[in-house]
Amino acid sequence: MTSEPGQVEGASVSSLHGGTILIITLTDLQTDPMPYKQINHLRMKNKVVTIGTRPSEFKDVEFHPLRLSKVTVKDKAFRLWLLMTHRFERYYDERFDFSDALKGVNNRKFDAVIAHDDEALPLALRINEGKRVVYDAHEYTPTERENNLRWRLTQARYKDWLCREYLSKSEAMVTVSNGIAKEYERNYGVRSDVIINSPEYQDLRPTNVSKGKVRLVHHGIASPQRRIEDMIRMAEMLDERFSFDLFLLPLNQEYRDRMRRLVEGKKNIRVLDPVPMQELVVRTNPYDLGLFMTYPSTFNLRYSLPNKFFEYVQARLAVAIGPYPELSEYVRRYDCGIISESFEPEDMANALNSLTEEDISKMKGKSDAAARELTAERSMKQLDQVLERVMRKG
């Protein structure tokens with residue numbers, strides 16, 4: 001079912017208690033925000049078992065490793081042949097080594113299983129015999145890298161097959177935005193609950209905006225798809241009040257190094273080492289404005305509600321975004337930032353240069369109010385409702 005942001009239809013708000021819940025992700029459980037928040041919330045009143053590439057930091061959470069299968073040149077050629085000849089089920093089995101994970105959960109039945117991303121869903125259905133599985137899609141996976149020709153030629157049909165084969169077999173599905181939920185329903189006939197990817201509430205206050213000094217920040221992955229160089233070019237057009245710091249995760253180390261070289265010698269622009277996910281909100285609280293202006297080269301970039309936006313709000317920053325349709329609704333609703341006329345660096349620079357210190361202070365105050373609503377605590381209560389609905393089905 002599709003709900004307005006911040007709302008989930010169904011059971012009344014409550015907390016699960018005493019169940020055994022399996023969370024499966026193909027990522028690092030310490031750095032992937034959504035699984036991390038779910039684990040932290042659900043472990044308080046339930047036994048939580050996890051499968052991922054790296055264990056969470058929580059000592060009371062059981063972990064079983066998931067590994068990508070070892071690949072030789074011959075293996076790569078074979079897998080490419082499987083993809084090109086549409087032998088997707090065989091490709092899936094070749095791609096992952098489930099042996100350790102399956103040993104750890106063999107013959108166990110879980111009160112609910114949460115599968116993060118499309119390639120975790122078949123495993124979740126296999127483990128729990130197709131029952132009480134919640135698919136957390138995050139974003140719209142059939143077009144996740146549609147701006148990459150190689151991906152379109154090799155992976156697009158495989159991703160579509162995963163959705164057509166398995167989405168309807170889960171008993172519930174959640175996504176991060178209404179635009180993405182509607183696209184899944186339009187193409188696959190499966191309805192979703194919308195649960196935003198917001199951080200835990202932090203008891204912070206907006207910092208004062210210094211006279212003649214405005215601190216701008218961006219944090220996220222270093223990827224050519226994000227066009228970080230456009231943000232840097234935009235920052236070069238800002239007036240002398242502004243400084244700009246970028247905390248970049250080295251998803252692509254070569255690209256991150258290139259961005260470092262690009263800002264060498266620039267007085268007010270820095271590329272800094274990444275900050276641990278759990279520290280982002282507190283570390284960015286001293287800044288004034290959080291920036292998100294990635295060019296929407298994919299459907300997901302256009303309709304996503306990125307966790308960084310909610311982290312900026314929780315840090316009590318004013319926000320500066322490009323004209324994303326759904327994200328713009330949040331900025332207008334809470335009056336907590338500016339929306340540039342286009343995704344061109346010049347337009348964002350003009351919008352920022354027009355701001356006074358008083359304007360920024362007012363928007364930071366609006367973020368302070370919004371931070372009490374846009375929290376992981378509220379999102380996790382919504383997740384409880386989804387899980388309770390699934391578990392009642394037996």
# chains A, B, ... in the order shown; residues from 1 in each chain; ligands from 1
$ closest_atom_pairs --of "region 84-177 of chain A" --to "region 299-317 of chain A" --cutoff "7 Å" --atoms "only C-alpha atoms" --output "Markdown table"
| residue | atom | partner | partner_atom | distance |
| --- | --- | --- | --- | --- |
| A:Glu139 | CA | A:Asn300 | CA | 6.2 |
| A:Tyr140 | CA | A:Asn300 | CA | 6.1 |
| A:Thr143 | CA | A:Phe299 | CA | 6.8 |
| A:Glu144 | CA | A:Asn300 | CA | 6.5 |
| A:Val176 | CA | A:Leu305 | CA | 6.4 |
| A:Ser177 | CA | A:Leu305 | CA | 6.2 |
$ select_by_dssp --residues "region 162-296 of chain A" --states "strand (DSSP E)" --output "MDAnalysis selection string"
chainID A and resid 172:175 193:194 214:221 242:249 269:272 289:292
$ closest_atom_pairs --of "region 208-240 of chain A" --to "region 266-286 of chain A" --cutoff "8 Å" --atoms "only C-alpha atoms" --output "tab-separated table"
residue	atom	partner	partner_atom	distance
A:Val217	CA	A:Thr284	CA	7.6
A:His219	CA	A:Pro274	CA	7.7
A:Ile232	CA	A:Ile269	CA	7.6
A:Ala235	CA	A:Ile269	CA	7.4
$ write_last_selection --atoms "N, CA and C atoms" --output "compact mmCIF listing (two decimals), in the first residue's frame"
# COMPACT_ATOMS: atom_id res chain seq x y z
N VAL A 217 28.20 22.45 3.66
CA VAL A 217 28.74 21.09 3.75
C VAL A 217 27.97 20.15 2.84
N HIS A 219 27.96 15.68 2.36
CA HIS A 219 28.57 14.38 2.66
C HIS A 219 27.87 13.30 1.84
N ILE A 232 31.73 21.44 -6.82
CA ILE A 232 32.94 22.23 -6.64
C ILE A 232 32.92 23.46 -7.53
N ALA A 235 30.69 25.95 -5.99
CA ALA A 235 31.28 26.61 -4.83
C ALA A 235 32.27 27.70 -5.24
$ atom_distance --atom1 "CA of Ala156 (chain A)" --atom2 "CA of Pro142 (chain A)"
6.2 Å
$ closest_residue --among "A:Glu254, A:Glu358, A:Asp75, A:Ile195" --to "Gly212 (chain A)" --atoms "only C-alpha atoms"
A:Glu358
$ select_by_dssp --residues "region 5-139 of chain A" --states "helix (DSSP H, G or I)" --output "number ranges by chain"
A: 33-42, 73-84, 88-95, 99-105, 118-127
$ residues_around --residues "region 225-228 of chain A" --least-positions-apart "5" --cutoff "12 Å" --atoms "only C-alpha atoms" --output "PyMOL selection string"
chain A and resi 144-148+218-220+233-235+245-249+251-252+255-260+262-263+271+291-298+300-302+343-345
$ write_last_selection --atoms "N, CA and C atoms" --output "compact mmCIF listing (two decimals), in the first residue's frame"
# COMPACT_ATOMS: atom_id res chain seq x y z
N GLU A 144 18.53 1.19 -11.49
CA GLU A 144 19.44 1.82 -10.54
C GLU A 144 20.68 2.43 -11.17
N ARG A 145 21.17 1.86 -12.28
CA ARG A 145 22.34 2.43 -12.96
C ARG A 145 22.04 2.59 -14.45
N GLU A 146 20.88 3.14 -14.72
CA GLU A 146 20.41 3.25 -16.11
C GLU A 146 21.25 4.19 -16.96
N ASN A 147 22.05 5.02 -16.35
CA ASN A 147 22.92 5.92 -17.11
C ASN A 147 24.24 5.27 -17.50
N ASN A 148 24.39 3.98 -17.20
CA ASN A 148 25.61 3.23 -17.53
C ASN A 148 25.28 2.20 -18.61
N HIS A 218 28.67 19.13 2.36
CA HIS A 218 28.05 18.00 1.65
C HIS A 218 28.74 16.74 2.12
N HIS A 219 27.96 15.68 2.36
CA HIS A 219 28.57 14.38 2.66
C HIS A 219 27.87 13.30 1.84
N GLY A 220 28.64 12.28 1.46
CA GLY A 220 28.09 11.21 0.64
C GLY A 220 29.21 10.43 -0.04
N ARG A 233 32.48 23.27 -8.77
CA ARG A 233 32.38 24.41 -9.69
C ARG A 233 31.38 25.44 -9.17
N MET A 234 30.28 24.95 -8.60
CA MET A 234 29.30 25.85 -8.00
C MET A 234 29.92 26.64 -6.85
N ALA A 235 30.69 25.95 -5.99
CA ALA A 235 31.28 26.61 -4.83
C ALA A 235 32.27 27.70 -5.24
N ASP A 245 32.90 22.35 2.64
CA ASP A 245 33.58 21.10 2.99
C ASP A 245 32.80 19.92 2.44
N LEU A 246 33.53 18.96 1.86
CA LEU A 246 32.93 17.73 1.34
C LEU A 246 33.52 16.54 2.09
N PHE A 247 32.66 15.78 2.78
CA PHE A 247 33.07 14.54 3.42
C PHE A 247 32.68 13.40 2.48
N LEU A 248 33.67 12.81 1.81
CA LEU A 248 33.38 11.86 0.74
C LEU A 248 33.84 10.45 1.09
N LEU A 249 32.89 9.51 1.00
CA LEU A 249 33.21 8.09 1.16
C LEU A 249 33.88 7.59 -0.12
N LEU A 251 33.88 5.32 -2.34
CA LEU A 251 33.31 4.23 -3.12
C LEU A 251 34.14 4.01 -4.38
N ASN A 252 34.60 5.11 -4.95
CA ASN A 252 35.50 5.09 -6.10
C ASN A 252 36.72 5.91 -5.70
N TYR A 255 38.22 8.35 -8.24
CA TYR A 255 37.41 9.56 -8.42
C TYR A 255 37.56 10.49 -7.23
N ARG A 256 37.58 9.93 -6.02
CA ARG A 256 37.75 10.76 -4.83
C ARG A 256 39.10 11.47 -4.86
N ASP A 257 40.15 10.76 -5.26
CA ASP A 257 41.47 11.39 -5.37
C ASP A 257 41.45 12.51 -6.40
N ARG A 258 40.70 12.31 -7.46
CA ARG A 258 40.60 13.35 -8.49
C ARG A 258 39.90 14.60 -7.93
N MET A 259 38.88 14.39 -7.09
CA MET A 259 38.21 15.53 -6.47
C MET A 259 39.14 16.26 -5.50
N ARG A 260 39.98 15.50 -4.80
CA ARG A 260 40.98 16.13 -3.93
C ARG A 260 41.92 17.03 -4.73
N LEU A 262 41.29 18.40 -7.51
CA LEU A 262 40.53 19.50 -8.09
C LEU A 262 40.44 20.70 -7.14
N VAL A 263 40.46 20.43 -5.83
CA VAL A 263 40.32 21.53 -4.86
C VAL A 263 41.66 22.00 -4.30
N VAL A 271 38.12 18.78 0.45
CA VAL A 271 37.63 17.40 0.45
C VAL A 271 38.23 16.73 1.68
N LEU A 291 24.18 20.72 1.50
CA LEU A 291 23.96 20.79 0.05
C LEU A 291 23.65 19.42 -0.54
N PHE A 292 22.62 19.36 -1.39
CA PHE A 292 22.36 18.17 -2.21
C PHE A 292 21.91 18.65 -3.59
N MET A 293 22.79 18.50 -4.58
CA MET A 293 22.47 18.99 -5.93
C MET A 293 22.97 18.03 -7.00
N THR A 294 22.96 16.73 -6.69
CA THR A 294 23.38 15.73 -7.67
C THR A 294 22.44 15.76 -8.88
N TYR A 295 23.00 15.82 -10.07
CA TYR A 295 22.18 15.85 -11.28
C TYR A 295 21.36 14.56 -11.38
N PRO A 296 20.04 14.65 -11.61
CA PRO A 296 19.17 13.47 -11.59
C PRO A 296 19.27 12.65 -12.87
N SER A 297 20.41 11.98 -13.04
CA SER A 297 20.66 11.22 -14.26
C SER A 297 19.95 9.88 -14.27
N THR A 298 19.35 9.49 -13.16
CA THR A 298 18.57 8.25 -13.08
C THR A 298 17.22 8.53 -12.42
N ASN A 300 16.06 7.01 -9.85
CA ASN A 300 16.24 7.02 -8.40
C ASN A 300 16.76 8.35 -7.89
N LEU A 301 17.69 8.95 -8.60
CA LEU A 301 18.21 10.24 -8.16
C LEU A 301 17.13 11.32 -8.24
N ARG A 302 16.23 11.18 -9.18
CA ARG A 302 15.16 12.17 -9.30
C ARG A 302 14.13 12.04 -8.18
N PHE A 343 19.43 22.33 -12.08
CA PHE A 343 20.56 21.60 -11.53
C PHE A 343 21.89 22.15 -12.03
N GLU A 344 21.86 23.29 -12.70
CA GLU A 344 23.08 23.92 -13.16
C GLU A 344 23.79 24.60 -12.00
N PRO A 345 25.12 24.46 -11.92
CA PRO A 345 25.86 25.07 -10.81
C PRO A 345 25.60 26.57 -10.66
$ residues_around --residues "region 31-39 of chain A" --least-positions-apart "4" --cutoff "10 Å" --atoms "only C-alpha atoms" --output "MDAnalysis selection string"
chainID A and resid 21:27 43:44 46:50 52 54 56:58 61 114:116 136 138 196:200 276:278 307 376:377 379:380 383:384
$ residues_around --residues "His64 (chain A)" --least-positions-apart "6" --cutoff "8 Å" --atoms "only C-alpha atoms" --output "list in words"
Thr50, Ile51, Gly52, Pro55, Asp100, Ala101 and Gly104 of chain A
$ closest_residue --among "A:Thr72, A:Ser168, A:Asn350, A:Asn187" --to "Met237 (chain A)" --atoms "only C-alpha atoms"
A:Asn350
